[in-house]
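Visitor: Next comes my_file.txt, compact mmCIF, C-alpha atoms:
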```txt
# COMPACT_ATOMS: atom_id res chain seq x y z
CA MET A 1 -15.73 5.14 -9.61
CA SER A 2 -15.96 8.91 -9.04
CA SER A 3 -16.19 8.44 -5.28
CA THR A 4 -13.03 6.31 -5.36
CA ILE A 5 -11.18 8.98 -7.36
CA ASN A 6 -12.32 11.66 -4.91
CA SER A 7 -11.08 9.55 -2.01
CA LEU A 8 -7.73 9.10 -3.75
CA LEU A 9 -7.41 12.85 -4.23
CA ARG A 10 -8.25 13.54 -0.59
CA ALA A 11 -5.71 10.93 0.50
CA ALA A 12 -3.08 12.48 -1.75
CA GLY A 13 -3.66 15.85 -0.09
CA LEU A 14 -3.41 14.27 3.33
CA ALA A 15 -0.25 12.49 2.22
CA GLY A 16 1.34 15.84 1.46
CA LEU A 17 0.46 17.13 4.91
CA LEU A 18 1.82 13.93 6.44
CA ALA A 19 5.08 14.35 4.60
CA LEU A 20 5.47 17.81 6.06
CA ALA A 21 4.46 16.57 9.50
CA GLY A 22 6.92 13.70 9.24
CA CYS A 23 9.78 16.09 8.56
CA ALA A 24 8.94 18.06 11.67
CA SER A 25 7.84 15.36 14.06
CA GLY A 26 11.09 13.37 14.23
CA PRO A 27 11.21 9.86 15.64
CA ALA A 28 8.58 10.11 18.36
CA ALA A 29 6.18 7.23 17.63
CA ASP A 30 3.55 7.81 20.30
CA PRO A 31 3.26 11.49 21.30
CA LEU A 32 -0.46 10.96 21.99
CA GLU A 33 0.11 8.07 24.40
CA PRO A 34 -2.24 9.27 27.21
CA LEU A 35 -5.13 9.63 24.75
CA ASN A 36 -4.19 6.42 22.97
CA ARG A 37 -4.15 4.48 26.23
CA SER A 38 -7.62 5.78 27.07
CA LEU A 39 -8.92 4.68 23.69
CA TYR A 40 -7.17 1.34 24.06
CA GLN A 41 -8.97 0.76 27.36
CA PHE A 42 -12.26 1.78 25.72
CA ASN A 43 -11.66 -0.80 23.00
CA VAL A 44 -10.79 -3.45 25.58
CA ASP A 45 -14.01 -2.72 27.49
CA VAL A 46 -16.14 -2.89 24.33
CA ASP A 47 -14.41 -6.10 23.30
CA ARG A 48 -14.98 -7.76 26.67
CA ALA A 49 -18.61 -6.67 26.83
CA LEU A 50 -19.64 -7.29 23.23
CA LEU A 51 -17.20 -8.42 20.55
CA LYS A 52 -15.47 -11.28 22.34
CA PRO A 53 -18.71 -12.88 23.63
CA VAL A 54 -20.30 -12.62 20.17
CA ALA A 55 -17.20 -14.06 18.48
CA SER A 56 -16.97 -16.88 21.03
CA THR A 57 -20.62 -17.78 20.49
CA TYR A 58 -20.07 -17.65 16.72
CA VAL A 59 -17.22 -20.16 17.02
CA GLU A 60 -19.25 -22.43 19.29
CA VAL A 61 -22.42 -22.59 17.18
CA THR A 62 -21.00 -22.35 13.64
CA PRO A 63 -19.45 -25.48 12.07
CA ALA A 64 -15.77 -25.09 11.26
CA PRO A 65 -16.21 -25.63 7.48
CA LEU A 66 -18.79 -22.84 7.37
CA ARG A 67 -16.50 -20.48 9.35
CA THR A 68 -13.69 -21.30 6.93
CA GLY A 69 -15.93 -20.46 3.99
CA VAL A 70 -16.90 -17.12 5.54
CA ASN A 71 -13.26 -16.29 6.20
CA ASN A 72 -12.31 -17.27 2.64
CA PHE A 73 -15.07 -15.06 1.24
CA PHE A 74 -13.81 -11.92 2.98
CA ASP A 75 -10.16 -12.78 2.29
CA ASN A 76 -11.05 -13.04 -1.40
CA LEU A 77 -12.47 -9.52 -1.39
CA ARG A 78 -9.26 -8.28 0.21
CA ASP A 79 -7.26 -10.07 -2.49
CA GLY A 80 -8.98 -7.97 -5.14
CA TRP A 81 -8.06 -4.72 -3.39
CA SER A 82 -4.56 -6.04 -2.74
CA ALA A 83 -4.13 -6.53 -6.48
CA VAL A 84 -5.05 -2.88 -7.08
CA ASN A 85 -2.55 -1.73 -4.47
CA GLY A 86 0.07 -4.03 -5.96
CA VAL A 87 -0.31 -2.09 -9.22
CA LEU A 88 -0.13 1.25 -7.38
CA GLN A 89 3.01 0.11 -5.57
CA LEU A 90 4.65 -1.14 -8.80
CA ARG A 91 4.90 -4.64 -7.39
CA PRO A 92 4.04 -6.78 -10.44
CA ARG A 93 4.39 -10.19 -8.79
CA GLU A 94 2.08 -9.33 -5.90
CA ALA A 95 -0.39 -7.57 -8.21
CA THR A 96 -0.50 -10.54 -10.57
CA GLU A 97 -0.77 -13.22 -7.88
CA ASN A 98 -3.46 -11.39 -5.93
CA GLY A 99 -5.35 -10.63 -9.14
CA MET A 100 -5.24 -14.28 -10.19
CA ARG A 101 -6.28 -15.35 -6.71
CA PHE A 102 -9.31 -13.06 -6.89
CA VAL A 103 -10.32 -14.25 -10.37
CA PHE A 104 -9.92 -17.97 -9.68
CA ASN A 105 -11.53 -17.92 -6.24
CA SER A 106 -14.40 -15.71 -7.41
CA THR A 107 -15.20 -18.14 -10.23
CA PHE A 108 -14.03 -21.66 -9.46
CA GLY A 109 -14.13 -21.01 -5.70
CA LEU A 110 -17.84 -20.12 -5.62
CA ALA A 111 -17.47 -16.36 -4.98
CA GLY A 112 -14.44 -16.98 -2.79
CA VAL A 113 -16.00 -19.44 -0.36
CA LEU A 114 -13.45 -22.03 -1.51
CA ASP A 115 -9.77 -21.08 -1.62
CA VAL A 116 -8.77 -22.90 -4.77
CA ALA A 117 -6.00 -20.38 -5.48
CA SER A 118 -3.95 -21.51 -2.48
CA GLU A 119 -4.21 -25.10 -3.68
CA MET A 120 -2.82 -23.87 -7.01
CA GLY A 121 0.19 -22.38 -5.23
CA LEU A 122 -0.78 -18.71 -5.68
CA GLU A 123 0.56 -16.73 -2.72
CA ARG A 124 -1.53 -14.12 -0.92
CA THR A 125 0.13 -10.78 -0.09
CA THR A 126 -2.30 -8.49 1.70
CA LEU A 127 -1.78 -4.88 0.61
CA ASP A 128 -3.72 -1.73 1.50
CA PHE A 129 -3.58 1.95 0.61
CA GLY A 130 -1.71 2.87 3.78
CA MET A 131 1.06 0.57 2.61
CA THR A 132 0.89 2.20 -0.82
CA LEU A 133 1.44 5.63 0.73
CA GLY A 134 4.29 4.25 2.80
CA ARG A 135 5.82 2.62 -0.27
CA TRP A 136 6.13 6.07 -1.85
CA GLY A 137 7.74 7.69 1.14
CA VAL A 138 4.81 9.04 3.16
CA PRO A 139 5.91 8.81 6.82
CA ASP A 140 3.90 7.05 9.52
CA GLY A 141 3.06 10.16 11.48
CA PRO A 142 2.15 9.60 15.13
CA TYR A 143 0.75 6.30 16.33
CA LEU A 144 -3.03 6.36 16.82
CA MET A 145 -5.37 4.04 18.67
CA LEU A 146 -8.69 4.35 16.87
CA PRO A 147 -12.00 3.74 18.66
CA LEU A 148 -13.23 0.23 17.77
CA LEU A 149 -10.80 -0.06 14.84
CA GLY A 150 -7.65 -0.48 16.93
CA PRO A 151 -3.98 0.31 16.14
CA SER A 152 -3.15 2.73 13.34
CA THR A 153 -0.97 5.67 12.41
CA LEU A 154 -1.87 9.07 11.02
CA ARG A 155 -0.89 7.89 7.53
CA ASP A 156 -2.88 4.66 7.76
CA THR A 157 -5.88 6.53 9.17
CA ALA A 158 -5.76 8.97 6.25
CA ALA A 159 -5.83 5.96 3.91
CA LEU A 160 -8.96 4.43 5.46
CA PRO A 161 -11.46 6.28 3.21
CA VAL A 162 -9.70 4.92 0.13
CA ASP A 163 -9.56 1.40 1.57
CA GLY A 164 -13.27 1.76 2.33
CA GLN A 165 -13.99 2.55 -1.31
CA GLY A 166 -11.89 -0.44 -2.33
CA ASN A 167 -13.94 -2.80 -0.18
CA ALA A 168 -16.58 -4.38 -2.42
CA VAL A 169 -18.96 -4.77 0.53
CA GLY A 170 -19.15 -0.98 0.82
CA GLN A 171 -20.39 -0.78 -2.77
CA ILE A 172 -23.50 -2.88 -2.10
CA GLY A 173 -26.57 -0.68 -2.49
CA HIS A 174 -28.92 -2.74 -0.34
CA ILE A 175 -28.23 -1.29 3.12
CA PRO A 176 -29.36 -4.27 5.27
CA THR A 177 -27.21 -6.64 3.20
CA ARG A 178 -24.23 -4.28 3.34
CA ASN A 179 -24.50 -3.79 7.10
CA GLY A 180 -25.04 -7.50 7.68
CA LEU A 181 -21.90 -8.39 5.73
CA ARG A 182 -19.91 -5.74 7.59
CA ALA A 183 -21.06 -7.12 10.93
CA LEU A 184 -20.22 -10.67 9.83
CA SER A 185 -16.76 -9.52 8.71
CA ILE A 186 -16.09 -7.97 12.13
CA VAL A 187 -17.21 -11.14 13.93
CA ASP A 188 -15.13 -13.28 11.57
CA GLN A 189 -12.00 -11.21 12.21
CA ARG A 190 -12.53 -11.20 15.98
CA ALA A 191 -13.11 -14.95 15.99
CA GLY A 192 -9.74 -15.42 14.33
CA LEU A 193 -8.07 -13.43 17.12
CA LEU A 194 -9.63 -15.12 20.13
CA ARG A 195 -6.57 -17.13 21.07
CA ALA A 196 -4.12 -14.33 20.23
CA GLY A 197 -6.07 -11.84 22.34
CA ASP A 198 -6.00 -14.12 25.37
CA MET A 199 -2.25 -14.67 24.95
CA LEU A 200 -1.65 -10.92 24.71
CA GLN A 201 -3.42 -10.22 27.98
CA GLU A 202 -1.69 -13.08 29.76
CA ALA A 203 1.86 -12.74 28.45
CA ALA A 204 2.50 -9.02 28.10
CA LEU A 205 3.37 -6.92 31.14
CA ASP A 206 1.98 -3.89 29.29
CA PRO A 207 -0.44 -5.08 26.58
CA TYR A 208 -0.83 -1.55 25.20
CA SER A 209 2.90 -1.09 24.53
CA PHE A 210 3.24 -4.62 23.19
CA LEU A 211 0.36 -4.09 20.76
CA ARG A 212 1.69 -0.70 19.65
CA ASP A 213 5.25 -1.92 19.07
CA SER A 214 4.09 -5.09 17.31
CA TYR A 215 1.81 -3.11 15.01
CA LEU A 216 4.49 -0.58 14.04
CA GLN A 217 7.11 -3.28 13.50
CA ARG A 218 4.73 -5.29 11.34
CA ARG A 219 3.79 -2.26 9.23
CA HIS A 220 7.42 -1.30 8.68
CA SER A 221 8.17 -4.88 7.65
CA GLN A 222 5.21 -4.97 5.24
CA ILE A 223 6.18 -1.70 3.59
CA GLY A 224 9.90 -2.44 3.63
CA VAL A 225 11.06 0.72 5.38
CA THR A 226 13.57 1.28 8.14
CA PRO A 227 11.87 1.88 11.52
CA PRO A 228 12.17 5.50 12.74
CA GLU A 229 14.31 4.54 15.75
CA GLU A 230 16.92 3.21 13.32
CA ARG A 231 16.78 6.26 11.03
CA TYR A 232 17.46 8.85 13.69
CA ASP A 233 20.08 9.40 16.32
CA LEU A 234 18.05 9.69 19.52
CA GLU A 235 20.95 10.81 21.76
```
What do you get writing this file as structure tokens?
Guide:
Amino acid sequence: MSSTINSLLRAAGLAGLLALAGCASGPAADPLEPLNRSLYQFNVDVDRALLKPVASTYVEVTPAPLRTGVNNFFDNLRDGWSAVNGVLQLRPREATENGMRFVFNSTFGLAGVLDVASEMGLERTTLDFGMTLGRWGVPDGPYLMLPLLGPSTLRDTAALPVDGQGNAVGQIGHIPTRNGLRALSIVDQRAGLLRAGDMLQEAALDPYSFLRDSYLQRRHSQIGVTPPEERYDLE
């Protein structure tokens, strides 16, 4: 609990700096584009060499019902953290629904392996601490491509330590179990993006720009803010 509070305090300090940076930085979304493109290519190379082959093998050798159960398990953990962020964002419906999803799936759904909450009509709304900061007016800051982690912004990067504390897997004391679950979560997420990743490389003339713009648009939509290009007169 104390480590979570400390992370929240650090994020609050970073949020203040971001607010000041946002006032000065204007609408430029990607001032670090050369560096970001280099990191994007690094991520692509690592994905081609390691993550995609592992995820493809996982899909080939693991029965679909088992993969669904694994995906449900990690989604259930995210539902619990989403409920917390729903409270922080003063969004009672999302907080209640995500909280009920977590309780029902953790109990009747065998620790989340079965998604009984969806069958009950409880809607999932994935919320994180970066969205919480954005909800209360903290600006994006510049777009960042993080090594291995992918698209982000300065605000969302500052929120990562808090999101890490909110992930129940990170609280497991047994290191081999914790690391094994983290690795399985990465493989599970990459397996779910196999088809989308192939479509991105085939359809986009500039996959980097397409990924960046899609990420920023999605985040603005999730938070419910007006995109920077619409808030400023660029001429």
Visitor: Tell me which of A:Gln89, A:Ser118, A:Thr68, A:Ser185 sits closest to Ala55 (chain A), counting all atoms listed in the file.
Guide: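 Nearest candidate to Ala55 (chain A) out of A:Gln89, A:Ser118, A:Thr68, A:Ser185: A:Ser185.
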Visitor: If you count all atoms listed in the file, which residues fall within 8 Å of Asp115 (chain A), apart from same-chain ones fewer than 4 positions away, as a list in words?
Guide: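 The contact residues come out as Asn72, Asn105, Gly109 and Glu119 of chain A.
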Visitor: Tell me, as a ChimeraX atom specification, which residues lie within 8 Å of Gln222 (chain A), counting all atoms listed in the file; anything in the same chain fewer than 3 positions away does not count.
Guide: /A:131,218-219
Visitor: Counting all atoms listed in the file, give me one row per residue of region 131-205 of chain A with an atom at most 9 Å from an atom of region 35-38 of chain A, showing the shortest contact pair and its distance in Å to one decimal, sorted by chain then residue number, as JSON lines.
Guide:
```
{"residue": "A:Tyr143", "atom": "CA", "partner": "A:Asn36", "partner_atom": "CA", "distance": 8.3}
{"residue": "A:Leu144", "atom": "CA", "partner": "A:Asn36", "partner_atom": "CA", "distance": 6.3}
{"residue": "A:Met145", "atom": "CA", "partner": "A:Asn36", "partner_atom": "CA", "distance": 5.1}
{"residue": "A:Leu146", "atom": "CA", "partner": "A:Asn36", "partner_atom": "CA", "distance": 7.9}
```
Visitor: Could you save those same residues with C-alpha atoms as a PDB file, keeping the file's coordinate frame?
Guide:
```
ATOM      1  CA  TYR A 143       0.750   6.300  16.330  1.00  0.00           C
ATOM      2  CA  LEU A 144      -3.030   6.360  16.820  1.00  0.00           C
ATOM      3  CA  MET A 145      -5.370   4.040  18.670  1.00  0.00           C
ATOM      4  CA  LEU A 146      -8.690   4.350  16.870  1.00  0.00           C
TER       5      LEU A 146
END
```
Visitor: For a test of reading the model, state the distance in Å between CA of Gly121 (chain A) and CA of Arg190 (chain A), rounded to one decimal.
Guide: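 Interatomic distance, CA of Gly121 (chain A) to CA of Arg190 (chain A): 27.1 Å.
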Visitor: Residues of region 172-232 of chain A within 9 Å of region 149-162 of chain A: nearest atom pair and distance (Å, one decimal) for each, counting only C-alpha atoms, sorted by chain and number, as CSV?
Guide:
```
residue,atom,partner,partner_atom,distance
A:Leu211,CA,A:Pro151,CA,7.7
A:Arg212,CA,A:Pro151,CA,6.7
A:Tyr215,CA,A:Pro151,CA,6.8
A:Leu216,CA,A:Ser152,CA,8.4
```
Visitor: Out of A:Glu123, A:Gly166, A:Pro142, A:Glu94, which residue has the shortest atom-to-atom distance to Leu32 (chain A) when counting all atoms listed in the file?
Guide: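 Among A:Glu123, A:Gly166, A:Pro142, A:Glu94, it is A:Pro142 that comes nearest to Leu32 (chain A).
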Visitor: Between A:Gly86, A:Pro147, A:Pro207, A:Gly112, which residue has the minimum interatomic distance to Gly69 (chain A), considering all atoms listed in the file?
Guide: A:Gly112
Visitor: Name the closest residue to Pro65 (chain A) among the candidates A:Leu77, A:Leu50, A:Leu88, A:Leu114; distances are taken between atoms, counting all atoms listed in the file.
Guide: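 When distances to Pro65 (chain A) are compared using all atoms listed in the file, the smallest one comes from A:Leu114.
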Visitor: From the set A:Thr107, A:Thr62, A:Ser56, A:Thr126, which residue has the shortest atom-to-atom contact distance to Arg78 (chain A), counting only C-alpha atoms?
Guide: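 Of A:Thr107, A:Thr62, A:Ser56, A:Thr126, the one nearest Arg78 (chain A), counting only C-alpha atoms, is A:Thr126.
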Visitor: Kindly give the distance, in Å, that separates CA of Leu148 (chain A) and CA of Asn43 (chain A), rounded to a single decimal.
Guide: 5.6 Å
Visitor: Would you mind telling me which residue in A:Gln217, A:Thr96, A:Thr57, A:Asn71 lies nearest to Leu181 (chain A) when using only C-alpha atoms?
Guide: A:Asn71
Visitor: Compile the contact shell of region 168-170 of chain A as a PyMOL selection string: residues with an atom at most 9 Å away, counting all atoms listed in the file, same-chain residues fewer than 2 positions apart removed.
Guide: chain A and resi 77-78+80-81+164-166+172-173+177-179+181-182
Visitor: Write out as a list in words each polymer residue whose atoms come within 9 Å of Arg124 (chain A), counting all atoms listed in the file; drop sequence neighbours fewer than 2 positions from it.
Guide: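 Returned residues: Asp79, Ser82, Glu94, Glu97, Asn98, Arg101, Ala117, Ser118, Leu122 and Thr126 of chain A.
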Visitor: What does the structure give for the distance between CA of Phe108 (chain A) and CA of Leu66 (chain A), in Å to one decimal?
Guide: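 For CA of Phe108 (chain A) relative to CA of Leu66 (chain A), the distance reads 17.5 Å.
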